[in-house]
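Below: the structure, in structure tokens.
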Amino acid sequence: MIASVLVGLAAAAPVPVMGLEWRPLSRGDLTWVIDGNGTGLTVGGLDGFAHPSLSAFGGAWLTRRVGVFGSLGVARLQNTTRVGGVTTQRHWGVVRPGVDTRLTLFARDSDKPVPWLLVGTHVDVPSARDVSNGYTDEEQELADEAATADRLRLGAVGARLGVGASLDVSTHLTVGMQYALTWQRSLFVGNDPAAVSSLILGQAALLASFRWPRTREVSP
């Protein structure tokens with residue numbers, strides 16, 4: 001009796017997962033670059049570094065049907081120049097945390113692919129700075145204003161909604177695929193007027209993940 005209860009609790013415990021999500025480079029990605037639709041600062045969420053085509057995620061299946069997974073993208077560009085005794089430093093950066101929730105449509109079965117729904121969100125947290133010991137107070141104020149505009153250009157929020165399916169290749173390895181509609185909204189401030197831009201696109205991806213089930217029983 002006690003042993004069966006302990007086994008049940010172990011089976012219901014969260015199952016840690018680490019994996020990779022691969023979105024192959026497409027003609028759309030190349031067109032985006034050729035047409036100059038990036039931020040112009042290299043490190044934006046849609047520039048390809050903070051959110052590359054191959055990204056890692058980690059999390060856990062909290063129950064047999066619900067999983068929560070997180071990802072973290074980072075990109076930073078810094079330029080430092082020294083002329084005589086004057087040092088000027090500029091940097092631009094983005095930290096892009098994301099969270100996805102997967103809900104399987106039925107309990108996992110090791111012999112069949114399991115379909116699931118995906119709901120996710122992310123935010124591009126920007127940083128930008130331009131400082132120099134050679135700036136006058138007025139020049140530093142102008143540099144601060146330009147850095148603020150750069151942060152507004154880099155900052156963004158987004159979400160995605162999709163479907164997928166996965167198959168347990170072994171007790172510890174799962175492969176799958178997903179298709180999601182991704183939405184991102186950023187704030188770009190020009191001279192006049194301020195403009196808000198948003199993007200919606202569909203993205204397909206291949207998934208591979210490792211799991212650490214608590215028992216020999218296949219866990220979600």
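Residue numbering restarts at 1 for every chain of the structure tokens, chains are lettered A, B, ... in their displayed order, and ligands are numbered from 1 as they appear.
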| query | Among range 75-192 of chain A, which ones does DSSP place in strand (DSSP E or B), written as a VMD selection string? | reply | chain A and resid 75 to 83 86 to 104 114 to 132 156 to 168 173 to 188
| message | When you look at Gly44 in chain A with a cut-off of 7 Å (counting only C-alpha atoms), what residues show up, excluding the ones that are within fewer than 5 positions of it in the same chain? I need them as a ChimeraX atom specification. | response | /A:39,50,94,154
| Pick the closest to Met177 in chain A from A:Ile34, A:Glu141, A:Arg214, A:Val114: which is it, counting only C-alpha atoms? |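 Counting only C-alpha atoms, the residue closest to Met177 in chain A is A:Val114.
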| task | Find the spatial neighbours of Met18 in chain A, counting only C-alpha atoms, within a cut-off of 8 Å - ignore same-chain residues fewer than 4 positions away - and output them as a PyMOL selection string. | result | chain A and resi 56-59+209-211
| message | Just to confirm, what's the straight-line distance from CA of Gly28 in chain A to CA of Val43 in chain A in Å (one decimal)? | response |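 It comes out at 18.9 Å.
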| task | Considering only C-alpha atoms, return as a VMD selection string whatever protein or nucleic-acid residues lie within 10 Å of range 85-93 of chain A, sequence-local ones (same chain, fewer than 3 positions apart) excluded. | result | chain A and resid 41 to 45 50 74 to 82 96 124 to 135 143 147 150 to 151 154 to 155
Prev. selection, N, CA and C atoms, output as a CSV table (one decimal), in the first residue's frame:
```csv
chain,number,residue,atom,x,y,z
A,41,LEU,N,20.8,47.9,-35.4
A,41,LEU,CA,21.7,47.9,-34.2
A,41,LEU,C,22.2,46.5,-34.0
A,42,THR,N,21.9,45.5,-34.8
A,42,THR,CA,22.5,44.1,-34.8
A,42,THR,C,21.9,43.2,-33.8
A,43,VAL,N,21.6,43.7,-32.6
A,43,VAL,CA,21.2,42.9,-31.5
A,43,VAL,C,19.7,42.8,-31.2
A,44,GLY,N,18.9,43.3,-32.1
A,44,GLY,CA,17.4,43.3,-31.9
A,44,GLY,C,16.9,41.8,-31.9
A,45,GLY,N,15.7,41.7,-31.3
A,45,GLY,CA,15.1,40.4,-31.2
A,45,GLY,C,14.9,39.7,-32.6
A,50,ALA,N,19.8,37.4,-30.8
A,50,ALA,CA,19.1,37.1,-29.5
A,50,ALA,C,18.1,36.0,-29.7
A,74,VAL,N,20.5,36.1,-25.6
A,74,VAL,CA,21.3,37.2,-25.2
A,74,VAL,C,22.1,37.7,-26.4
A,75,ALA,N,22.1,39.0,-26.6
A,75,ALA,CA,23.0,39.6,-27.6
A,75,ALA,C,23.5,40.9,-27.1
A,76,ARG,N,24.8,41.2,-27.3
A,76,ARG,CA,25.3,42.5,-26.8
A,76,ARG,C,26.5,42.9,-27.8
A,77,LEU,N,26.5,44.1,-28.2
A,77,LEU,CA,27.5,44.7,-29.0
A,77,LEU,C,28.1,45.9,-28.3
A,78,GLN,N,29.4,45.9,-28.2
A,78,GLN,CA,30.1,47.0,-27.5
A,78,GLN,C,31.2,47.5,-28.3
A,79,ASN,N,31.3,48.8,-28.4
A,79,ASN,CA,32.4,49.5,-29.1
A,79,ASN,C,33.1,50.5,-28.2
A,80,THR,N,34.4,50.3,-28.0
A,80,THR,CA,35.2,51.2,-27.1
A,80,THR,C,36.3,51.8,-28.0
A,81,THR,N,36.5,53.1,-27.9
A,81,THR,CA,37.5,53.8,-28.6
A,81,THR,C,38.3,54.7,-27.7
A,82,ARG,N,39.6,54.7,-27.9
A,82,ARG,CA,40.5,55.5,-27.0
A,82,ARG,C,41.4,56.3,-27.9
A,96,ARG,N,16.5,38.3,-23.9
A,96,ARG,CA,15.2,37.9,-24.4
A,96,ARG,C,14.7,36.6,-23.6
A,124,ASP,N,11.7,41.4,-25.1
A,124,ASP,CA,13.1,41.8,-25.4
A,124,ASP,C,13.4,43.0,-24.5
A,125,VAL,N,14.3,42.7,-23.5
A,125,VAL,CA,14.7,43.7,-22.6
A,125,VAL,C,15.9,44.4,-23.1
A,126,PRO,N,15.8,45.7,-23.4
A,126,PRO,CA,17.0,46.4,-24.1
A,126,PRO,C,17.9,47.1,-23.2
A,127,SER,N,19.1,47.3,-23.7
A,127,SER,CA,20.0,48.2,-23.0
A,127,SER,C,20.9,48.9,-24.0
A,128,ALA,N,21.2,50.2,-23.8
A,128,ALA,CA,22.0,51.0,-24.7
A,128,ALA,C,22.6,52.1,-23.9
A,129,ARG,N,23.8,52.4,-24.2
A,129,ARG,CA,24.5,53.5,-23.5
A,129,ARG,C,25.6,54.1,-24.4
A,130,ASP,N,25.8,55.4,-24.2
A,130,ASP,CA,26.9,56.1,-24.9
A,130,ASP,C,27.5,57.1,-24.0
A,131,VAL,N,28.8,56.8,-23.5
A,131,VAL,CA,29.4,57.6,-22.5
A,131,VAL,C,30.8,57.9,-22.9
A,132,SER,N,31.3,59.0,-22.5
A,132,SER,CA,32.7,59.4,-22.9
A,132,SER,C,33.2,60.5,-21.8
A,133,ASN,N,34.5,60.4,-21.5
A,133,ASN,CA,35.0,61.4,-20.6
A,133,ASN,C,35.4,62.6,-21.4
A,134,GLY,N,35.2,62.6,-22.7
A,134,GLY,CA,35.5,63.8,-23.5
A,134,GLY,C,34.2,64.6,-23.9
A,135,TYR,N,33.0,64.1,-23.5
A,135,TYR,CA,31.8,64.8,-23.8
A,135,TYR,C,31.6,65.9,-22.8
A,143,ALA,N,23.8,62.4,-26.2
A,143,ALA,CA,24.1,61.0,-26.3
A,143,ALA,C,23.1,60.1,-25.5
A,147,ALA,N,20.6,57.2,-26.9
A,147,ALA,CA,20.6,55.9,-26.3
A,147,ALA,C,19.2,55.5,-25.9
A,150,ASP,N,17.5,54.3,-28.9
A,150,ASP,CA,17.9,53.0,-29.3
A,150,ASP,C,17.3,51.9,-28.4
A,151,ARG,N,17.1,52.2,-27.1
A,151,ARG,CA,16.4,51.2,-26.3
A,151,ARG,C,15.0,51.0,-26.7
A,154,LEU,N,15.0,48.7,-29.6
A,154,LEU,CA,15.3,47.4,-29.4
A,154,LEU,C,14.3,46.6,-28.5
A,155,GLY,N,13.5,47.4,-27.7
A,155,GLY,CA,12.6,46.7,-26.8
A,155,GLY,C,11.4,46.2,-27.6
```
| With distances taken over only C-alpha atoms, which of A:Val119, A:Leu62, A:Leu54, A:Val95 is nearest to Leu25 in chain A? |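 Counting only C-alpha atoms, the residue closest to Leu25 in chain A is A:Leu54.
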